>>> print(open('model.txt').read())   # compact mmCIF, C-alpha atoms
# COMPACT_ATOMS: atom_id res chain seq x y z
CA MET A 1 0.00 0.00 0.00
CA ASN A 2 1.08 3.61 -0.50
CA ASP A 3 1.37 6.38 2.09
CA LYS A 4 -2.35 7.16 1.86
CA ARG A 5 -3.17 3.57 2.79
CA CYS A 6 -4.65 2.91 -0.63
CA LEU A 7 -3.52 0.06 -2.86
CA SER A 8 -1.00 0.67 -5.63
CA LEU A 9 -1.87 -0.12 -9.23
CA MET A 10 0.39 -3.17 -9.07
CA GLU A 11 -1.41 -4.44 -5.96
CA LEU A 12 -4.75 -3.86 -7.65
CA PHE A 13 -3.55 -5.73 -10.72
CA ASP A 14 -2.48 -8.64 -8.51
CA LEU A 15 -5.94 -8.73 -6.93
CA ARG A 16 -7.50 -8.62 -10.39
CA ALA A 17 -5.46 -11.66 -11.27
CA GLY A 18 -6.69 -13.50 -8.15
CA ALA A 19 -3.82 -12.93 -5.70
CA GLU A 20 -4.41 -14.08 -2.12
CA ASP A 21 -3.59 -11.05 0.06
CA PRO A 22 -6.00 -10.82 3.07
CA GLU A 23 -4.89 -7.33 4.09
CA ALA A 24 -5.31 -5.95 0.57
CA TRP A 25 -8.73 -7.57 0.23
CA ARG A 26 -9.86 -6.05 3.57
CA HIS A 27 -8.79 -2.59 2.42
CA LEU A 28 -10.56 -3.07 -0.91
CA GLY A 29 -13.79 -3.95 0.88
CA CYS A 30 -14.00 -0.55 2.59
CA CYS A 31 -12.26 1.79 0.08
CA PRO A 32 -14.50 3.25 -2.68
CA ARG A 33 -11.45 4.72 -4.47
CA CYS A 34 -9.67 1.36 -4.81
CA GLN A 35 -12.94 -0.30 -5.77
CA ALA A 36 -13.44 2.22 -8.59
CA LEU A 37 -9.85 1.80 -9.82
CA LEU A 38 -10.18 -1.99 -9.79
CA ALA A 39 -13.47 -1.87 -11.68
CA GLY A 40 -11.86 0.19 -14.45
CA MET A 41 -8.86 -2.11 -14.90
CA PRO A 42 -8.87 -4.49 -17.89
CA GLU A 43 -8.87 -8.24 -17.48
CA PRO A 44 -5.31 -9.59 -17.16
CA ARG A 45 -3.95 -11.30 -20.28
CA PHE A 46 -1.25 -13.96 -20.18
CA ALA A 47 -0.93 -14.78 -23.87
CA ASP A 48 2.82 -14.19 -23.82
CA LEU A 49 3.50 -16.84 -21.19
CA PRO A 50 5.10 -20.05 -22.53
CA PRO A 51 2.79 -23.05 -22.91
CA ARG A 52 2.78 -25.72 -20.28
CA PRO A 53 5.46 -28.32 -21.10
CA LEU A 54 4.26 -31.71 -22.26
CA ARG A 55 5.00 -34.67 -20.03
CA LEU A 56 6.24 -37.35 -22.42
CA PRO A 57 6.58 -41.00 -21.44
CA PRO A 58 10.16 -42.29 -21.25
CA ARG A 59 11.45 -44.31 -24.21
CA PRO A 60 11.47 -48.01 -23.29
CA LEU A 61 14.84 -49.74 -23.10
CA LEU A 62 15.13 -52.55 -25.63
CA PRO A 63 16.92 -55.80 -24.76
CA ARG A 64 20.37 -56.14 -26.26
CA PRO A 65 20.12 -58.52 -29.25
CA ARG A 66 22.28 -61.62 -29.34
CA ARG A 67 23.52 -60.92 -32.87
CA ILE A 68 24.67 -57.75 -34.56
CA ARG A 69 22.79 -57.34 -37.83
CA THR A 70 22.58 -54.98 -40.77
CA GLY A 71 20.12 -52.14 -40.17
CA GLN A 72 20.31 -52.14 -36.38
CA LEU A 73 20.48 -48.74 -34.69
CA TRP A 74 22.82 -48.38 -31.72
CA ARG A 75 24.19 -45.73 -29.42
CA ALA A 76 27.97 -45.95 -29.76
CA VAL A 77 30.79 -44.45 -27.67
CA PRO A 78 34.49 -43.88 -28.48
CA LEU A 79 35.89 -45.77 -25.42
CA ASP A 80 38.34 -42.97 -24.59
CA GLY A 81 36.60 -41.72 -21.46
CA THR A 82 34.72 -38.87 -23.14
CA ASP A 83 31.09 -38.43 -22.11
CA TRP A 84 29.31 -38.45 -25.47
CA ALA A 85 27.68 -40.95 -27.79
CA GLU A 86 26.53 -41.12 -31.40
CA VAL A 87 23.57 -42.96 -32.90
CA VAL A 88 24.82 -45.25 -35.68
CA ALA A 89 23.35 -47.81 -38.07
CA ILE A 90 25.16 -51.08 -38.75
CA VAL A 91 25.91 -51.55 -42.45
CA CYS A 92 27.90 -54.77 -42.57
CA ARG A 93 31.08 -56.49 -41.41
CA PRO A 94 34.43 -56.02 -43.18
CA VAL A 95 35.47 -59.53 -44.20
CA ARG A 96 39.10 -59.04 -43.21
CA TRP A 97 38.15 -57.64 -39.77
CA ALA A 98 36.43 -60.45 -37.90
CA ASP A 99 35.59 -58.43 -34.79
CA ALA A 100 34.65 -55.09 -36.36
CA TYR A 101 31.51 -53.62 -37.91
CA LEU A 102 31.06 -50.91 -40.49
CA ALA A 103 28.57 -48.25 -39.39
CA VAL A 104 27.23 -44.89 -40.51
CA PRO A 105 26.17 -42.11 -38.12
CA LEU A 106 22.75 -40.55 -37.79
CA ALA A 107 22.67 -36.81 -38.53
CA GLN A 108 20.13 -34.00 -38.38
CA PRO A 109 18.21 -32.21 -39.76
CA PRO A 110 17.03 -34.20 -42.80
CA GLU A 111 17.38 -31.09 -44.98
CA LEU A 112 21.18 -31.52 -44.83
CA ALA A 113 21.03 -34.94 -46.54
CA THR A 114 22.44 -35.36 -50.04
CA ASP A 115 21.47 -37.93 -52.65
CA ARG A 116 24.07 -40.27 -51.11
CA ASP A 117 22.34 -40.30 -47.70
CA LEU A 118 19.38 -42.36 -46.48
CA VAL A 119 16.60 -40.16 -45.05
CA LEU A 120 14.71 -41.58 -42.05
CA GLY A 121 11.26 -40.71 -40.73
CA PRO A 122 10.34 -40.37 -37.04
CA LYS A 123 10.38 -44.14 -36.47
CA PRO A 124 11.97 -45.85 -34.61
CA LEU A 125 13.81 -43.05 -32.78
CA GLY A 126 10.91 -40.62 -32.43
CA TYR A 127 12.50 -37.89 -34.57
CA PRO A 128 13.54 -37.59 -38.24
CA GLY A 129 17.11 -37.58 -39.48
CA PHE A 130 19.36 -39.17 -42.08
CA LEU A 131 22.12 -41.75 -42.21
CA ASP A 132 25.31 -39.95 -43.17
CA LEU A 133 26.96 -42.17 -45.79
CA ALA A 134 29.66 -39.57 -46.37
CA ASN A 135 31.14 -40.45 -42.96
CA PRO A 136 31.17 -44.26 -42.48
CA GLY A 137 33.54 -45.84 -40.02
CA PRO A 138 34.44 -49.07 -38.20
CA LEU A 139 33.37 -50.03 -34.69
CA VAL A 140 34.02 -52.89 -32.28
CA ARG A 141 31.26 -54.55 -30.28
CA ASP A 142 32.31 -52.95 -26.98
CA GLN A 143 31.49 -49.54 -28.44
CA LEU A 144 27.82 -50.47 -28.93
CA VAL A 145 26.33 -49.56 -25.55
CA GLU A 146 22.58 -49.30 -26.19
CA TYR A 147 20.34 -50.97 -28.78
CA LEU A 148 17.74 -48.56 -30.21
CA GLY A 149 15.87 -50.86 -32.58
CA PRO A 150 15.97 -51.84 -36.27
CA LEU A 151 15.46 -49.69 -39.32
CA PRO A 152 11.95 -49.84 -40.81
CA PRO A 153 11.33 -52.73 -43.22
CA GLY A 154 13.19 -52.39 -46.50
CA GLN A 155 15.52 -49.63 -45.35
CA ALA A 156 18.30 -51.99 -44.20
CA ALA A 157 18.67 -53.28 -47.77
CA GLY A 158 18.49 -49.71 -49.04
CA LEU A 159 21.29 -48.73 -46.68
CA VAL A 160 23.58 -51.46 -48.03
CA SER A 161 22.70 -50.56 -51.62
CA LEU A 162 23.48 -46.89 -51.04
CA TYR A 163 26.79 -47.82 -49.43
CA ARG A 164 27.72 -50.03 -52.36
CA ALA A 165 26.83 -47.21 -54.76
CA ALA A 166 28.87 -44.72 -52.73
CA THR A 167 31.95 -46.97 -52.91
CA GLY A 168 31.55 -47.66 -56.62
CA ALA A 169 30.63 -51.31 -56.05
CA GLY A 170 27.04 -51.05 -57.30
CA ASP A 171 24.39 -48.92 -58.96
CA ARG A 172 22.24 -46.39 -57.16
CA PRO A 173 19.10 -48.10 -55.82
CA ALA A 174 15.65 -47.01 -56.92
CA GLY A 175 12.83 -46.24 -54.52
CA VAL A 176 15.09 -45.23 -51.61
CA GLN A 177 14.41 -41.91 -49.90
CA THR A 178 17.49 -39.70 -50.10
CA GLY A 179 18.29 -36.01 -50.03
CA LEU A 180 18.69 -33.67 -52.98
CA PRO A 181 21.68 -34.01 -55.34
CA VAL A 182 24.82 -31.94 -54.83
CA LEU A 183 25.22 -29.54 -57.77
CA SER A 184 28.56 -27.93 -56.90
CA GLY A 185 31.55 -28.26 -54.62
CA GLN A 186 30.37 -25.13 -52.79
CA ASP A 187 27.23 -26.83 -51.50
CA PRO A 188 27.04 -25.98 -47.76
CA ARG A 189 25.91 -29.54 -47.03
CA LEU A 190 29.39 -30.74 -48.02
CA LEU A 191 30.95 -28.41 -45.45
CA GLU A 192 28.54 -29.73 -42.80
CA ALA A 193 29.54 -33.29 -43.71
CA ARG A 194 33.24 -32.45 -43.27
CA VAL A 195 32.52 -30.89 -39.86
CA ARG A 196 30.67 -34.05 -38.81
CA GLY A 197 33.56 -36.15 -40.04
CA GLU A 198 36.01 -34.32 -37.78
CA ARG A 199 33.71 -34.79 -34.80
CA LEU A 200 33.43 -38.52 -35.50
CA ARG A 201 37.17 -39.23 -35.64
CA PRO A 202 37.41 -40.42 -31.99
CA LEU A 203 34.55 -42.86 -32.60
CA TRP A 204 36.28 -44.61 -35.51
CA ARG A 205 39.78 -44.37 -33.99
CA VAL A 206 39.18 -47.38 -31.72
CA VAL A 207 39.40 -49.82 -34.64
CA ASP A 208 42.46 -48.02 -36.00
CA ARG A 209 44.29 -48.73 -32.73
CA TRP A 210 42.87 -52.25 -32.63
CA ALA A 211 44.05 -52.97 -36.20
CA ARG A 212 47.56 -51.76 -35.43
CA ALA A 213 47.66 -54.00 -32.35
CA ARG A 214 46.38 -56.92 -34.43
CA ASP A 215 49.07 -56.45 -37.06
CA GLY A 216 51.65 -56.59 -34.28
CA VAL A 217 50.42 -59.75 -32.55
CA GLY A 218 49.08 -61.85 -35.41
CA ARG A 219 45.61 -62.94 -36.45
CA VAL A 220 42.48 -61.77 -34.70
CA ARG A 221 40.16 -64.27 -33.00
CA PRO A 222 37.46 -65.19 -35.54
CA ALA A 223 33.84 -64.38 -34.76
CA GLY A 224 31.90 -67.17 -33.12
CA ARG A 225 34.24 -67.97 -30.24
CA ASP A 226 33.84 -67.04 -26.58
CA GLY A 227 30.27 -65.88 -26.98
CA GLU A 228 30.95 -63.63 -29.97
CA GLU A 229 28.15 -63.42 -32.50
CA GLU A 230 28.56 -65.29 -35.78
CA ALA A 231 28.24 -63.35 -39.01
CA ARG A 232 25.56 -64.79 -41.24
CA PRO A 233 26.58 -64.69 -44.90
CA GLY A 234 24.29 -62.40 -46.87
CA ALA A 235 24.50 -60.19 -49.91
CA ALA A 236 28.23 -59.62 -50.34
CA CYS A 237 29.33 -56.02 -50.91
CA ASP A 238 32.60 -55.45 -52.69
CA GLY A 239 33.92 -52.30 -51.02
CA GLU A 240 37.50 -52.28 -52.20
CA ARG A 241 37.38 -48.52 -52.73
CA ALA A 242 36.39 -48.18 -49.10
CA GLY A 243 39.44 -50.19 -48.02
CA SER A 244 37.95 -53.66 -47.44
CA SER A 245 35.45 -56.21 -48.65
CA ILE A 246 32.29 -56.36 -46.58
CA ARG A 247 29.35 -58.68 -46.04
CA GLN A 248 25.81 -57.99 -44.93
CA LEU A 249 24.76 -59.29 -41.52
CA GLY A 250 21.36 -60.97 -41.88
CA GLY A 251 19.46 -57.69 -41.69
CA GLY A 252 16.10 -59.12 -42.66
CA ARG A 253 15.63 -61.39 -39.64
CA ARG A 254 13.68 -60.68 -36.52
CA GLU A 255 15.71 -59.94 -33.38
CA ARG A 256 15.33 -62.10 -30.32
>>> encode(input="model.txt", output="structure tokens")
Amino acid sequence: MNDKRCLSLMELFDLRAGAEDPEAWRHLGCCPRCQALLAGMPEPRFADLPPRPLRLPPRPLLPRPRRIRTGQLWRAVPLDGTDWAEVVAIVCRPVRWADAYLAVPLAQPPELATDRDLVLGPKPLGYPGFLDLANPGPLVRDQLVEYLGPLPPGQAAGLVSLYRAATGAGDRPAGVQTGLPVLSGQDPRLLEARVRGERLRPLWRVVDRWARARDGVGRVRPAGRDGEEEARPGAACDGERAGSSIRQLGGGRRER
């Protein structure tokens, strides 16, 4: 209240908005001046306040599948102690690397995809994106820390076909959703792809160190021993331009 014991305009506005102030309400009940001022005030409007946040249910955790297959989506970490992870899709297994997998990262937004990239809808992750085939890399099983589900039906085969086309080992597939073609070397999407590639270096570096250690100690343990998953032969992909031959990992089968 002010020095004349009447309510200020701010106090009257608070009462208009429904404030609980017993002393102010008592004064209003016996003060014709404050009653007249309150009656002439407009209704409060709160259109500029942010909307109430939605309470979304948590995403269920999926059981870790027994086998690593083409088209599976995983959260992968670089194993160097850094606190970050990337969502990746499994493409296939390099034939000469028994314990490694070739993967491509998920990127956003879909508008940055080129005609080499596989565009994904909101399923199964709950948001759209694209698989960045300009930045593939190798992973070991220990880097795959959380299974996020499979690609929608048909997209696992499309992923392998796009990878084969990108490495010169096959033709571009028809009926696969991709981004728009790159028309010049100044396309800003190419710069974004190079920036993503630099960020992903620590993720792929694990296999580089592993391969150097392998070359120093001899042959790597073949898949299938000591609980390791066995690679099912599938559609072979000749990826010599990518540095190794690869084979698809039974992407069309249901996970258990």
>>> residues_around(input="model.txt", residues="Arg26 of chain A", least_positions_apart="3", cutoff="12 Å", atoms="only C-alpha atoms", output="list in words")
Arg5, Cys6, Leu7, Leu15, Glu20, Asp21, Pro22, Glu23, Gly29, Cys30, Cys31, Cys34 and Gln35 of chain A
>>> atom_distance(input="model.txt", atom1="atom CA of Tyr147 of chain A", atom2="atom CA of Gly170 of chain A")
29.3 Å
>>> closest_residue(input="model.txt", among="A:Tyr163, A:Trp84, A:Trp97, A:Trp74", to="Leu125 of chain A", atoms="all atoms listed in the file")
A:Trp74
>>> residues_around(input="model.txt", residues="segment 174-182 of chain A", least_positions_apart="3", cutoff="10 Å", atoms="all atoms listed in the file", output="PyMOL selection string")
chain A and resi 110-121+130-131+154-155+157-159+161-162+171+185-190
>>> atom_distance(input="model.txt", atom1="atom CA of Arg67 of chain A", atom2="atom CA of Pro124 of chain A")
19.1 Å
>>> residues_near_point(input="model.txt", point="(13.2, -47.4, -24.2)", cutoff="10 Å", atoms="all atoms listed in the file", output="PyMOL selection string")
chain A and resi 57-63+125+146-149
>>> closest_residue(input="model.txt", among="A:His27, A:Lys123, A:Arg16, A:Arg93", to="Arg69 of chain A", atoms="only C-alpha atoms")
A:Arg93
>>> build_atoms(input="model.txt", residues="segment 137-148 of chain A", atoms="all heavy atoms", output="PDB file, in the frame of the given file")
ATOM      1  N   GLY A 137      32.364 -45.488 -40.798  1.00  0.00           N
ATOM      2  CA  GLY A 137      33.540 -45.840 -40.020  1.00  0.00           C
ATOM      3  C   GLY A 137      33.373 -47.178 -39.342  1.00  0.00           C
ATOM      4  O   GLY A 137      32.258 -47.703 -39.231  1.00  0.00           O
ATOM      5  N   PRO A 138      34.480 -47.761 -38.851  1.00  0.00           N
ATOM      6  CA  PRO A 138      34.440 -49.070 -38.200  1.00  0.00           C
ATOM      7  C   PRO A 138      34.271 -48.957 -36.690  1.00  0.00           C
ATOM      8  O   PRO A 138      34.752 -48.015 -36.063  1.00  0.00           O
ATOM      9  CB  PRO A 138      35.799 -49.667 -38.563  1.00  0.00           C
ATOM     10  CG  PRO A 138      36.703 -48.465 -38.635  1.00  0.00           C
ATOM     11  CD  PRO A 138      35.877 -47.311 -39.098  1.00  0.00           C
ATOM     12  N   LEU A 139      33.593 -49.954 -36.119  1.00  0.00           N
ATOM     13  CA  LEU A 139      33.370 -50.030 -34.690  1.00  0.00           C
ATOM     14  C   LEU A 139      33.661 -51.445 -34.211  1.00  0.00           C
ATOM     15  O   LEU A 139      33.558 -52.399 -34.978  1.00  0.00           O
ATOM     16  CB  LEU A 139      31.914 -49.696 -34.333  1.00  0.00           C
ATOM     17  CG  LEU A 139      31.400 -48.293 -34.611  1.00  0.00           C
ATOM     18  CD1 LEU A 139      29.881 -48.293 -34.531  1.00  0.00           C
ATOM     19  CD2 LEU A 139      31.986 -47.305 -33.615  1.00  0.00           C
ATOM     20  N   VAL A 140      33.968 -51.580 -32.910  1.00  0.00           N
ATOM     21  CA  VAL A 140      34.020 -52.890 -32.280  1.00  0.00           C
ATOM     22  C   VAL A 140      32.789 -53.045 -31.381  1.00  0.00           C
ATOM     23  O   VAL A 140      32.144 -52.064 -31.020  1.00  0.00           O
ATOM     24  CB  VAL A 140      35.317 -53.089 -31.471  1.00  0.00           C
ATOM     25  CG1 VAL A 140      36.519 -53.095 -32.393  1.00  0.00           C
ATOM     26  CG2 VAL A 140      35.469 -52.018 -30.403  1.00  0.00           C
ATOM     27  N   ARG A 141      32.484 -54.265 -31.022  1.00  0.00           N
ATOM     28  CA  ARG A 141      31.260 -54.550 -30.280  1.00  0.00           C
ATOM     29  C   ARG A 141      31.183 -53.806 -28.952  1.00  0.00           C
ATOM     30  O   ARG A 141      30.108 -53.366 -28.525  1.00  0.00           O
ATOM     31  CB  ARG A 141      31.141 -56.061 -30.047  1.00  0.00           C
ATOM     32  CG  ARG A 141      29.834 -56.488 -29.386  1.00  0.00           C
ATOM     33  CD  ARG A 141      29.792 -57.993 -29.215  1.00  0.00           C
ATOM     34  NE  ARG A 141      28.584 -58.391 -28.510  1.00  0.00           N
ATOM     35  CZ  ARG A 141      27.419 -58.652 -29.102  1.00  0.00           C
ATOM     36  NH1 ARG A 141      27.312 -58.526 -30.407  1.00  0.00           N
ATOM     37  NH2 ARG A 141      26.368 -59.015 -28.403  1.00  0.00           N
ATOM     38  N   ASP A 142      32.327 -53.637 -28.278  1.00  0.00           N
ATOM     39  CA  ASP A 142      32.310 -52.950 -26.980  1.00  0.00           C
ATOM     40  C   ASP A 142      31.871 -51.507 -27.081  1.00  0.00           C
ATOM     41  O   ASP A 142      31.492 -50.907 -26.078  1.00  0.00           O
ATOM     42  CB  ASP A 142      33.703 -53.017 -26.344  1.00  0.00           C
ATOM     43  CG  ASP A 142      34.042 -54.406 -25.827  1.00  0.00           C
ATOM     44  OD1 ASP A 142      33.123 -55.240 -25.747  1.00  0.00           O
ATOM     45  OD2 ASP A 142      35.226 -54.656 -25.521  1.00  0.00           O
ATOM     46  N   GLN A 143      31.927 -50.930 -28.276  1.00  0.00           N
ATOM     47  CA  GLN A 143      31.490 -49.540 -28.440  1.00  0.00           C
ATOM     48  C   GLN A 143      29.979 -49.415 -28.522  1.00  0.00           C
ATOM     49  O   GLN A 143      29.449 -48.313 -28.375  1.00  0.00           O
ATOM     50  CB  GLN A 143      32.125 -48.936 -29.699  1.00  0.00           C
ATOM     51  CG  GLN A 143      33.620 -48.729 -29.613  1.00  0.00           C
ATOM     52  CD  GLN A 143      34.170 -48.102 -30.873  1.00  0.00           C
ATOM     53  OE1 GLN A 143      34.750 -48.779 -31.712  1.00  0.00           O
ATOM     54  NE2 GLN A 143      33.970 -46.796 -31.024  1.00  0.00           N
ATOM     55  N   LEU A 144      29.280 -50.509 -28.786  1.00  0.00           N
ATOM     56  CA  LEU A 144      27.820 -50.470 -28.930  1.00  0.00           C
ATOM     57  C   LEU A 144      27.198 -50.643 -27.551  1.00  0.00           C
ATOM     58  O   LEU A 144      27.120 -51.738 -27.018  1.00  0.00           O
ATOM     59  CB  LEU A 144      27.374 -51.580 -29.876  1.00  0.00           C
ATOM     60  CG  LEU A 144      28.041 -51.565 -31.263  1.00  0.00           C
ATOM     61  CD1 LEU A 144      27.588 -52.762 -32.094  1.00  0.00           C
ATOM     62  CD2 LEU A 144      27.739 -50.265 -31.986  1.00  0.00           C
ATOM     63  N   VAL A 145      26.746 -49.535 -26.953  1.00  0.00           N
ATOM     64  CA  VAL A 145      26.330 -49.560 -25.550  1.00  0.00           C
ATOM     65  C   VAL A 145      24.822 -49.629 -25.355  1.00  0.00           C
ATOM     66  O   VAL A 145      24.367 -50.019 -24.280  1.00  0.00           O
ATOM     67  CB  VAL A 145      26.891 -48.323 -24.814  1.00  0.00           C
ATOM     68  CG1 VAL A 145      28.408 -48.376 -24.764  1.00  0.00           C
ATOM     69  CG2 VAL A 145      26.428 -47.018 -25.460  1.00  0.00           C
ATOM     70  N   GLU A 146      24.033 -49.257 -26.360  1.00  0.00           N
ATOM     71  CA  GLU A 146      22.580 -49.300 -26.190  1.00  0.00           C
ATOM     72  C   GLU A 146      21.913 -49.577 -27.537  1.00  0.00           C
ATOM     73  O   GLU A 146      22.153 -48.863 -28.515  1.00  0.00           O
ATOM     74  CB  GLU A 146      22.044 -47.980 -25.625  1.00  0.00           C
ATOM     75  CG  GLU A 146      20.534 -48.003 -25.373  1.00  0.00           C
ATOM     76  CD  GLU A 146      19.994 -46.672 -24.889  1.00  0.00           C
ATOM     77  OE1 GLU A 146      20.793 -45.739 -24.675  1.00  0.00           O
ATOM     78  OE2 GLU A 146      18.760 -46.566 -24.736  1.00  0.00           O
ATOM     79  N   TYR A 147      21.066 -50.609 -27.558  1.00  0.00           N
ATOM     80  CA  TYR A 147      20.340 -50.970 -28.780  1.00  0.00           C
ATOM     81  C   TYR A 147      19.081 -50.119 -28.867  1.00  0.00           C
ATOM     82  O   TYR A 147      18.291 -50.041 -27.913  1.00  0.00           O
ATOM     83  CB  TYR A 147      19.989 -52.456 -28.751  1.00  0.00           C
ATOM     84  CG  TYR A 147      19.170 -52.921 -29.916  1.00  0.00           C
ATOM     85  CD1 TYR A 147      19.632 -52.775 -31.222  1.00  0.00           C
ATOM     86  CD2 TYR A 147      17.925 -53.526 -29.713  1.00  0.00           C
ATOM     87  CE1 TYR A 147      18.889 -53.214 -32.301  1.00  0.00           C
ATOM     88  CE2 TYR A 147      17.177 -53.972 -30.788  1.00  0.00           C
ATOM     89  CZ  TYR A 147      17.659 -53.817 -32.074  1.00  0.00           C
ATOM     90  OH  TYR A 147      16.909 -54.253 -33.138  1.00  0.00           O
ATOM     91  N   LEU A 148      18.858 -49.481 -30.032  1.00  0.00           N
ATOM     92  CA  LEU A 148      17.740 -48.560 -30.210  1.00  0.00           C
ATOM     93  C   LEU A 148      16.658 -49.102 -31.127  1.00  0.00           C
ATOM     94  O   LEU A 148      15.627 -48.466 -31.299  1.00  0.00           O
ATOM     95  CB  LEU A 148      18.245 -47.222 -30.758  1.00  0.00           C
ATOM     96  CG  LEU A 148      19.295 -46.517 -29.911  1.00  0.00           C
ATOM     97  CD1 LEU A 148      19.789 -45.264 -30.613  1.00  0.00           C
ATOM     98  CD2 LEU A 148      18.743 -46.179 -28.526  1.00  0.00           C
TER      99      LEU A 148
END
